[in-house]
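Containing compact mmCIF, C-alpha atoms: target.txt.
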```txt
# COMPACT_ATOMS: atom_id res chain seq x y z
CA MET Z 152 0.00 0.00 0.00
CA GLU Z 153 1.16 3.49 -0.90
CA LEU Z 154 0.80 4.77 2.65
CA ILE Z 155 3.02 2.01 4.03
CA LYS Z 156 5.64 2.36 1.31
CA ARG Z 157 5.93 6.09 1.92
CA ALA Z 158 6.39 5.56 5.66
CA LEU Z 159 8.98 2.83 5.19
CA ALA Z 160 10.84 4.94 2.62
CA GLU Z 161 11.05 7.69 5.22
CA GLY Z 162 12.38 5.16 7.72
CA ARG Z 163 9.38 5.16 10.05
CA LYS Z 164 6.47 2.92 10.88
CA PRO Z 165 3.22 3.73 9.10
CA ASP Z 166 0.62 5.59 11.13
CA LEU Z 167 -1.64 2.69 12.06
CA GLN Z 168 -4.75 4.80 12.54
CA ALA Z 169 -4.24 6.27 9.06
CA LEU Z 170 -3.72 2.75 7.74
CA VAL Z 171 -6.97 1.54 9.26
CA ASP Z 172 -8.77 4.62 7.95
CA ALA Z 173 -7.46 3.85 4.46
CA ILE Z 174 -9.17 0.44 4.50
CA PRO Z 175 -12.85 0.88 3.61
CA TYR Z 176 -14.00 -2.23 5.47
CA CYS Z 177 -12.31 -1.09 8.71
CA ARG Z 178 -14.06 2.26 8.39
CA PHE Z 179 -17.33 0.42 7.82
CA LEU Z 180 -16.84 -1.59 11.03
CA GLY Z 181 -15.62 1.48 12.93
CA ILE Z 182 -12.21 0.43 14.19
CA ASP Z 183 -9.91 2.75 16.13
CA ILE Z 184 -6.33 2.24 17.23
CA ASP Z 185 -4.95 2.99 20.65
CA ARG Z 186 -1.19 2.77 20.49
CA LYS Z 187 1.09 3.38 23.40
CA GLY Z 188 4.59 2.62 22.22
CA THR Z 189 4.67 -0.98 21.15
CA GLU Z 190 1.46 -1.74 23.03
CA LEU Z 191 -1.49 -1.76 20.71
CA THR Z 192 -5.18 -2.05 21.43
CA THR Z 193 -7.83 -1.97 18.74
CA ILE Z 194 -11.27 -0.63 19.54
CA LEU Z 195 -14.46 -1.65 17.78
CA ARG Z 196 -16.92 1.19 18.31
CA PHE Z 197 -20.37 -0.19 18.90
CA ASP Z 198 -22.94 0.49 16.22
CA GLN Z 199 -26.37 -0.98 15.66
CA LYS Z 200 -25.27 -2.39 12.30
CA LEU Z 201 -22.84 -4.76 14.05
CA ILE Z 202 -25.65 -6.70 15.71
CA GLY Z 203 -26.15 -10.31 14.64
CA ASN Z 204 -28.75 -11.37 17.18
CA PRO Z 205 -31.25 -8.60 17.88
CA ILE Z 206 -33.07 -10.63 20.54
CA LEU Z 207 -30.19 -10.91 23.03
CA PRO Z 208 -28.83 -8.52 21.58
CA ALA Z 209 -25.37 -9.71 20.56
CA LEU Z 210 -22.68 -8.74 18.08
CA HIS Z 211 -22.56 -10.73 14.84
CA GLY Z 212 -20.04 -13.56 15.02
CA GLY Z 213 -18.62 -12.45 11.69
CA VAL Z 214 -18.00 -8.96 13.07
CA VAL Z 215 -16.09 -10.29 16.07
CA GLY Z 216 -14.07 -12.57 13.80
CA ALA Z 217 -13.33 -9.76 11.37
CA PHE Z 218 -12.32 -7.46 14.22
CA LEU Z 219 -9.86 -10.04 15.57
CA GLU Z 220 -8.46 -10.55 12.08
CA VAL Z 221 -7.93 -6.81 11.68
CA THR Z 222 -6.27 -6.70 15.11
CA ALA Z 223 -3.87 -9.46 14.07
CA VAL Z 224 -3.03 -7.68 10.82
CA ILE Z 225 -2.43 -4.34 12.57
CA GLN Z 226 -0.16 -5.98 15.13
CA LEU Z 227 1.81 -7.53 12.28
CA MET Z 228 2.11 -4.16 10.57
CA LEU Z 229 3.53 -2.76 13.81
CA GLU Z 230 6.12 -5.49 14.24
CA ILE Z 231 7.21 -6.48 10.75
CA GLU Z 232 8.63 -4.48 7.88
CA SER Z 233 6.34 -5.14 4.97
CA GLU Z 234 5.01 -2.92 2.23
CA ASP Z 235 1.91 -5.01 1.79
CA LEU Z 236 -0.82 -6.06 4.17
CA PRO Z 237 -0.35 -9.60 5.52
CA LYS Z 238 -2.66 -12.12 3.90
CA PRO Z 239 -4.62 -14.51 6.09
CA VAL Z 240 -3.92 -18.17 5.32
CA ASP Z 241 -6.21 -19.59 7.94
CA ILE Z 242 -7.92 -18.31 11.04
CA SER Z 243 -9.68 -20.13 13.82
CA ILE Z 244 -12.02 -18.28 16.11
CA ASP Z 245 -13.29 -19.46 19.47
CA TYR Z 246 -16.44 -17.73 20.61
CA LEU Z 247 -16.35 -17.59 24.39
CA ARG Z 248 -19.16 -15.25 25.36
CA SER Z 249 -21.79 -13.35 23.45
CA GLY Z 250 -20.67 -9.88 22.44
CA LYS Z 251 -22.74 -7.24 24.18
CA PRO Z 252 -23.83 -4.06 22.37
CA VAL Z 253 -20.93 -1.99 23.71
CA ASP Z 254 -17.41 -1.12 22.53
CA THR Z 255 -15.08 -4.10 22.12
CA TYR Z 256 -11.30 -4.13 22.55
CA ALA Z 257 -8.69 -6.51 21.24
CA ARG Z 258 -5.00 -7.22 21.42
CA ALA Z 259 -2.83 -9.57 19.45
CA ILE Z 260 0.54 -11.21 19.97
CA ILE Z 261 2.75 -12.74 17.34
CA THR Z 262 3.60 -16.18 18.65
CA LYS Z 263 5.96 -17.11 15.84
CA HIS Z 264 7.54 -14.80 13.34
CA GLY Z 265 8.64 -16.87 10.37
CA ARG Z 266 10.21 -15.68 7.17
CA ARG Z 267 7.04 -16.09 5.15
CA VAL Z 268 4.37 -17.03 7.67
CA CYS Z 269 3.52 -15.60 11.08
CA ASN Z 270 1.43 -17.24 13.78
CA VAL Z 271 -0.74 -14.76 15.61
CA ARG Z 272 -3.10 -14.97 18.56
CA ALA Z 273 -5.65 -12.33 19.38
CA GLU Z 274 -8.25 -11.83 22.08
CA ALA Z 275 -11.26 -9.57 22.26
CA TRP Z 276 -12.93 -8.37 25.45
CA GLN Z 277 -15.47 -5.82 26.58
CA ASP Z 278 -15.73 -4.93 30.28
CA GLU Z 279 -12.98 -7.05 31.71
CA HIS Z 280 -9.78 -8.05 30.03
CA THR Z 281 -9.86 -11.32 31.97
CA ARG Z 282 -13.22 -12.28 30.46
CA PRO Z 283 -12.57 -12.45 26.73
CA ILE Z 284 -15.55 -12.76 24.39
CA ALA Z 285 -13.57 -14.37 21.57
CA ALA Z 286 -10.09 -15.56 20.71
CA LEU Z 287 -8.42 -16.03 17.37
CA HIS Z 288 -5.37 -17.85 16.24
CA GLY Z 289 -4.28 -17.74 12.68
CA HIS Z 290 -1.49 -17.86 10.13
CA PHE Z 291 -0.67 -14.90 7.95
CA LEU Z 292 1.46 -14.79 4.86
CA ILE Z 293 3.91 -11.91 4.91
CA LYS Z 294 6.04 -10.43 2.21
CA PRO Z 295 9.29 -9.07 3.66
CA LYS Z 296 10.24 -5.61 2.42
CA ASP Z 297 13.15 -6.80 0.28
CA GLN Z 298 10.95 -9.35 -1.47
CA ALA Z 299 8.09 -7.01 -2.34
CA GLN Z 300 7.14 -7.16 -5.99
CA THR Z 301 6.02 -3.60 -6.43
CA MET X 926 -23.77 -15.46 18.39
CA THR X 927 -25.46 -15.79 15.04
CA ILE X 928 -29.09 -16.67 14.98
CA PRO X 929 -30.49 -18.65 12.12
CA PRO X 930 -32.25 -15.95 10.21
CA VAL X 931 -34.96 -17.96 8.53
CA ALA X 932 -38.21 -18.19 10.42
CA LEU X 933 -39.69 -21.64 10.15
CA PRO X 934 -41.53 -22.88 8.21
CA LEU X 935 -38.92 -22.40 5.54
CA PRO X 936 -39.69 -19.85 2.87
CA ASN X 937 -40.90 -21.17 -0.42
CA MET X 938 -37.64 -21.10 -2.33
CA SER X 939 -39.33 -21.88 -5.62
CA ASN X 940 -39.84 -18.12 -5.70
CA PHE X 941 -36.07 -17.83 -5.94
CA PRO X 942 -35.12 -20.28 -8.66
CA ASP X 943 -31.65 -18.96 -9.42
CA HIS X 944 -28.72 -17.22 -7.78
CA THR X 945 -29.84 -13.78 -8.85
CA ALA X 946 -32.85 -13.75 -6.57
CA GLY X 947 -33.10 -14.07 -2.82
CA PHE X 948 -33.96 -11.91 0.11
CA ILE X 949 -31.97 -9.69 2.41
CA LEU X 950 -32.01 -10.59 6.09
CA GLN X 951 -33.57 -7.39 7.38
CA GLY X 952 -34.04 -8.90 10.84
CA ILE X 953 -30.27 -9.13 11.39
CA PRO X 954 -28.77 -5.62 11.37
CA HIS X 955 -25.29 -6.71 10.34
CA ALA X 956 -26.60 -8.96 7.57
CA ALA X 957 -28.71 -6.07 6.30
CA ALA X 958 -25.67 -3.76 6.42
CA LEU X 959 -23.73 -6.22 4.25
CA LYS X 960 -26.80 -6.70 2.01
CA LEU X 961 -26.34 -10.37 2.83
CA MET X 962 -28.96 -12.40 1.01
CA ILE X 963 -30.38 -15.85 1.53
CA ILE X 964 -30.39 -17.45 -1.89
CA ASP X 965 -31.59 -20.93 -1.02
CA VAL X 966 -32.41 -22.92 2.09
CA LYS X 967 -33.11 -26.63 2.48
CA PRO X 968 -33.11 -28.60 5.71
CA GLY X 969 -29.44 -28.60 6.74
CA GLU X 970 -28.24 -26.53 3.78
CA ALA X 971 -28.06 -22.86 2.95
CA ILE X 972 -26.71 -20.66 0.19
CA CYS X 973 -26.04 -17.00 0.97
CA LYS X 974 -24.56 -14.13 -0.98
CA VAL X 975 -22.81 -10.84 -0.26
CA PRO X 976 -22.77 -8.48 -3.23
CA TYR X 977 -19.47 -6.75 -3.96
CA ALA X 978 -19.42 -3.24 -2.51
CA GLU X 979 -16.82 -0.48 -2.23
CA HIS X 980 -17.18 -0.17 1.54
CA LEU X 981 -16.23 -3.84 2.00
CA ILE X 982 -12.80 -3.45 0.39
CA GLY X 983 -9.92 -4.69 2.52
CA ASN X 984 -7.04 -3.56 0.32
CA PRO X 985 -7.51 -0.27 -1.50
CA ASP X 986 -4.65 -1.07 -3.92
CA THR X 987 -6.18 -4.28 -5.23
CA ARG X 988 -9.84 -3.52 -4.35
CA VAL X 989 -10.16 -7.05 -2.97
CA ILE X 990 -12.92 -7.56 -0.43
CA HIS X 991 -11.79 -7.93 3.21
CA GLY X 992 -11.44 -11.41 4.70
CA GLY X 993 -13.76 -10.33 7.48
CA VAL X 994 -16.64 -10.11 5.04
CA ILE X 995 -16.07 -13.76 4.18
CA THR X 996 -16.00 -14.57 7.90
CA ALA X 997 -19.38 -12.89 8.38
CA LEU X 998 -20.83 -14.52 5.27
CA LEU X 999 -19.68 -18.02 6.23
CA ASP X 1000 -20.78 -17.59 9.84
CA ASN X 1001 -24.22 -16.51 8.70
CA ALA X 1002 -24.53 -19.27 6.10
CA CYS X 1003 -23.48 -21.89 8.67
CA GLY X 1004 -25.95 -20.52 11.21
CA THR X 1005 -28.71 -20.61 8.61
CA ALA X 1006 -27.89 -24.22 7.75
CA VAL X 1007 -28.03 -25.20 11.43
CA GLY X 1008 -31.27 -23.30 11.93
CA SER X 1009 -32.89 -24.98 8.95
CA LYS X 1010 -31.97 -28.43 10.29
CA THR X 1011 -32.75 -28.01 13.96
CA ALA X 1012 -35.68 -25.55 14.00
CA LEU X 1013 -33.95 -23.68 16.83
CA GLN X 1014 -34.02 -20.23 15.39
CA GLY X 1015 -32.61 -17.62 17.73
CA GLN X 1016 -31.29 -20.28 20.07
CA ILE X 1017 -27.91 -21.17 18.64
CA ALA X 1018 -24.49 -19.64 19.08
CA THR X 1019 -21.24 -20.08 17.19
CA LEU X 1020 -18.75 -22.01 19.30
CA ASP X 1021 -15.88 -21.96 16.90
CA LEU X 1022 -15.24 -21.17 13.28
CA ARG X 1023 -12.15 -22.05 11.32
CA ILE X 1024 -11.59 -20.53 7.91
CA ASP X 1025 -8.97 -21.48 5.34
CA TYR X 1026 -8.36 -18.89 2.66
CA MET X 1027 -7.69 -20.62 -0.66
CA LYS X 1028 -7.44 -17.74 -3.06
CA VAL X 1029 -7.96 -14.02 -3.26
CA ALA X 1030 -11.50 -12.97 -4.10
CA THR X 1031 -11.96 -11.22 -7.45
CA PRO X 1032 -12.91 -7.53 -7.21
CA ASP X 1033 -16.38 -6.56 -8.47
CA GLU X 1034 -17.67 -10.11 -8.17
CA ASP X 1035 -20.33 -11.18 -5.68
CA ILE X 1036 -19.38 -13.83 -3.14
CA PHE X 1037 -21.57 -16.84 -2.42
CA ALA X 1038 -21.39 -19.23 0.49
CA PHE X 1039 -22.75 -22.74 0.70
CA ALA X 1040 -23.05 -24.32 4.12
CA GLU X 1041 -24.03 -27.81 5.12
CA CYS X 1042 -24.93 -28.96 8.60
CA TYR X 1043 -23.76 -32.56 8.53
CA LYS X 1044 -24.26 -33.63 12.13
CA VAL X 1045 -26.46 -32.60 14.99
CA THR X 1046 -26.10 -33.96 18.50
CA LYS X 1047 -28.06 -33.07 21.63
CA ASN X 1048 -26.03 -29.95 22.30
CA ILE X 1049 -23.88 -29.30 19.25
CA ALA X 1050 -24.30 -28.90 15.49
CA PHE X 1051 -21.38 -29.40 13.10
CA VAL X 1052 -21.23 -27.46 9.85
CA ARG X 1053 -18.90 -27.06 6.90
CA GLY X 1054 -19.05 -24.31 4.35
CA VAL X 1055 -17.40 -22.93 1.26
CA ALA X 1056 -17.22 -19.41 -0.17
CA TYR X 1057 -16.95 -19.01 -3.95
CA HIS X 1058 -17.77 -16.79 -6.91
CA THR X 1059 -19.30 -19.16 -9.43
CA ASP X 1060 -17.97 -22.65 -8.76
CA ARG X 1061 -18.04 -24.44 -5.40
CA ASN X 1062 -15.09 -26.52 -6.56
CA ASP X 1063 -12.97 -23.40 -6.96
CA PRO X 1064 -13.32 -21.98 -3.45
CA ILE X 1065 -12.19 -18.61 -2.14
CA ALA X 1066 -12.37 -20.03 1.37
CA THR X 1067 -13.62 -23.08 3.21
CA CYS X 1068 -14.72 -23.34 6.80
CA VAL X 1069 -15.76 -25.73 9.52
CA ALA X 1070 -17.81 -24.54 12.43
CA SER X 1071 -19.59 -25.87 15.46
CA PHE X 1072 -22.64 -24.35 17.07
CA MET X 1073 -24.09 -24.64 20.55
CA LEU X 1074 -27.77 -25.49 20.46
CA GLY X 1075 -30.52 -24.25 22.75
CA THR X 1076 -28.66 -21.19 24.01
CA ALA X 1077 -31.78 -19.10 24.61
CA LYS X 1078 -32.41 -20.85 27.91
CA SER X 1079 -28.82 -20.37 29.00
CA THR X 1080 -29.19 -16.60 29.19
CA ARG X 1081 -30.24 -17.01 32.82
CA GLY X 1082 -28.44 -14.33 34.76
CA GLU X 1083 -25.05 -13.44 33.47
CA ALA X 1084 -23.50 -16.58 32.01
CA ARG X 1085 -19.87 -16.44 33.03
```
Can the structure in the file be given as structure tokens, please?
Amino acid sequence: MELIKRALAEGRKPDLQALVDAIPYCRFLGIDIDRKGTELTTILRFDQKLIGNPILPALHGGVVGAFLEVTAVIQLMLEIESEDLPKPVDISIDYLRSGKPVDTYARAIITKHGRRVCNVRAEAWQDEHTRPIAALHGHFLIKPKDQAQT
Amino acid sequence: MTIPPVALPLPNMSNFPDHTAGFILQGIPHAAALKLMIIDVKPGEAICKVPYAEHLIGNPDTRVIHGGVITALLDNACGTAVGSKTALQGQIATLDLRIDYMKVATPDEDIFAFAECYKVTKNIAFVRGVAYHTDRNDPIATCVASFMLGTAKSTRGEAR
């Protein structure tokens, strides 16, 4: 992505909030970034359109999954030097509690940083960090900076 | 987390003979926001569609739809398949969902998902699904999922 290339060319990390804002789907979901140094929390702002079960009500499982996937990708963008967004190879999501109609937070850690593939875990929570509503683990294909095609 | 969107008895799908017709799930806000459509439902099977849209793009350079859209589509299709088999609408929740991404989706093309609920036990339903453009044998992504059944009664107090 242009925005990432420019940042890397200038020898700095891309502005992750600007990166998220440049991705239409992230804007559609309403994702914000809270970065304090290397510590990164993503925030999914609650909106009625994120509801999947209006009776409970609860967030749509797809929304929670997508949010965790975005969190994993953003964490990768913070820690690796790549001009392109990492591509998901596979993701596995455990749904632990129903997502209430409030803001949701998530954090990710890279458990293994390979040359081409990274293993990432991410967890989403609402009121209490210790009571996650969903967890993801997945593999992402990365293209190191020196191997980028464009 | 996802409720099966189709109220039983099942809609008369003969009104929707091909993949161009269908109905949008207005009762599920997120499905409506994605313009997610139910194309076909049979007991234990469902076909859903998300039309390509600019606001669903995950990479502005390539204009490819975000993987999260496929997650939502597959989750919804799997939930619909479970709902059509078990008649437990509104009382199921996704336990886990695993997605394998096979190839990049093509920009400007609608994405379909076929889901099949192949086993139901007392508490759990097992589902597999596939997301594709035109051919199920050329998948964009495949998934397996399991759903908890009868969750409506488990909302007693705050389930911890």
Identify all chain Z residues at most 6 Å from chain X by counting all atoms listed in the file; ligands do not count. Present them as a compact mmCIF listing (two decimals) with C-alpha atoms, in the coordinates of the input.
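Output (selection30.txt):
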```txt
# COMPACT_ATOMS: atom_id res chain seq x y z
CA ILE Z 174 -9.17 0.44 4.50
CA PRO Z 175 -12.85 0.88 3.61
CA TYR Z 176 -14.00 -2.23 5.47
CA LYS Z 200 -25.27 -2.39 12.30
CA LEU Z 201 -22.84 -4.76 14.05
CA ILE Z 202 -25.65 -6.70 15.71
CA GLY Z 203 -26.15 -10.31 14.64
CA ASN Z 204 -28.75 -11.37 17.18
CA HIS Z 211 -22.56 -10.73 14.84
CA GLY Z 212 -20.04 -13.56 15.02
CA GLY Z 213 -18.62 -12.45 11.69
CA ALA Z 217 -13.33 -9.76 11.37
CA VAL Z 240 -3.92 -18.17 5.32
CA ASP Z 241 -6.21 -19.59 7.94
CA ILE Z 242 -7.92 -18.31 11.04
CA SER Z 243 -9.68 -20.13 13.82
CA ILE Z 244 -12.02 -18.28 16.11
CA ASP Z 245 -13.29 -19.46 19.47
CA TYR Z 246 -16.44 -17.73 20.61
CA SER Z 249 -21.79 -13.35 23.45
```
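Straight-line separation from atom CA of Z:Asp183 to atom CA of Z:Phe291: 21.5 Å.
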Rounded to one decimal, what separation in Å do you get between atom CA of Z:Ile155 and atom CA of Z:Val171? 11.3 Å
Nearby residues (all atoms listed in the file) at most 6 Å from stretch 251-254 of chain Z, same-chain spacing under 5 positions excluded, as a PyMOL selection string: chain Z and resi 195-197+209
Take the residues that were just selected and, keeping C-alpha atoms, output them as a PDB file, in the frame of the given file.
```pdb
ATOM      1  CA  LEU Z 195     -14.460  -1.650  17.780  1.00  0.00           C
ATOM      2  CA  ARG Z 196     -16.920   1.190  18.310  1.00  0.00           C
ATOM      3  CA  PHE Z 197     -20.370  -0.190  18.900  1.00  0.00           C
ATOM      4  CA  ALA Z 209     -25.370  -9.710  20.560  1.00  0.00           C
TER       5      ALA Z 209
END
```
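Here atom CA of X:Asn1048 and atom CA of X:Met1073 stand 5.9 Å from one another.
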Neighbour list for stretch 273-286 of chain Z as a ChimeraX atom specification, cut-off 6 Å, only C-alpha atoms, skip fewer than 5 positions in-chain: /Z:244-248,255-259
With a distance cut-off of 10 Å and all atoms listed in the file, select the neighbouring residues of Z:Glu153, excluding the residue or stretch itself and same-chain residues fewer than 2 positions from it, and output the selection as a PyMOL selection string. (chain Z and resi 155-159+170+234-235) or (chain X and resi 985-986)
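Using only C-alpha atoms for every distance, the candidate list X:Tyr1043, X:Ile963, X:Thr1005, X:Asp1063 yields X:Ile963 as the residue closest to X:Gln951.
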Would you be able to write out as a count of residues only which residues have an atom within 12 Å of (6.4, -3.0, 15.0) in the file's coordinates, counting only C-alpha atoms? 25
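Take the candidates Z:Leu287, Z:Ala169, Z:Leu236, Z:Met152 and check each one against Z:Val215 using all atoms listed in the file; the shortest distance goes to Z:Leu287.
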What are the centre and edge lengths in Å, to one decimal, of the axis-aligned box around all listed atoms of stretch 194-211 of chain Z with 5 Å added on each side, as lines of an AutoDock Vina configuration file?
```
center_x = -22.2
center_y = -5.1
center_z = 17.7
size_x = 31.8
size_y = 22.6
size_z = 20.7
```
Please, which residues are within 12 Å of (-25.1, -29.3, 3.2) by the file's coordinates, counting all atoms listed in the file, and could they come as number ranges by chain? X: 965-972, 1002-1007, 1009-1010, 1038-1044, 1051-1055, 1069
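The closest residue to X:Val975, picked from X:Leu950, X:Ile1036, X:Val989, X:Val1045 and counting only C-alpha atoms, is X:Ile1036.
With all atoms listed in the file as the atoms that count, the residue of Z:Gln168, Z:Thr192, Z:Gln199, Z:Asn270 with the shortest distance to Z:Thr222 is Z:Thr192.
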From the options X:Cys973, X:Ile1065, X:Ala1050, X:Ile949, which residue's atoms come nearest to X:Thr1011, counting only C-alpha atoms? X:Ala1050
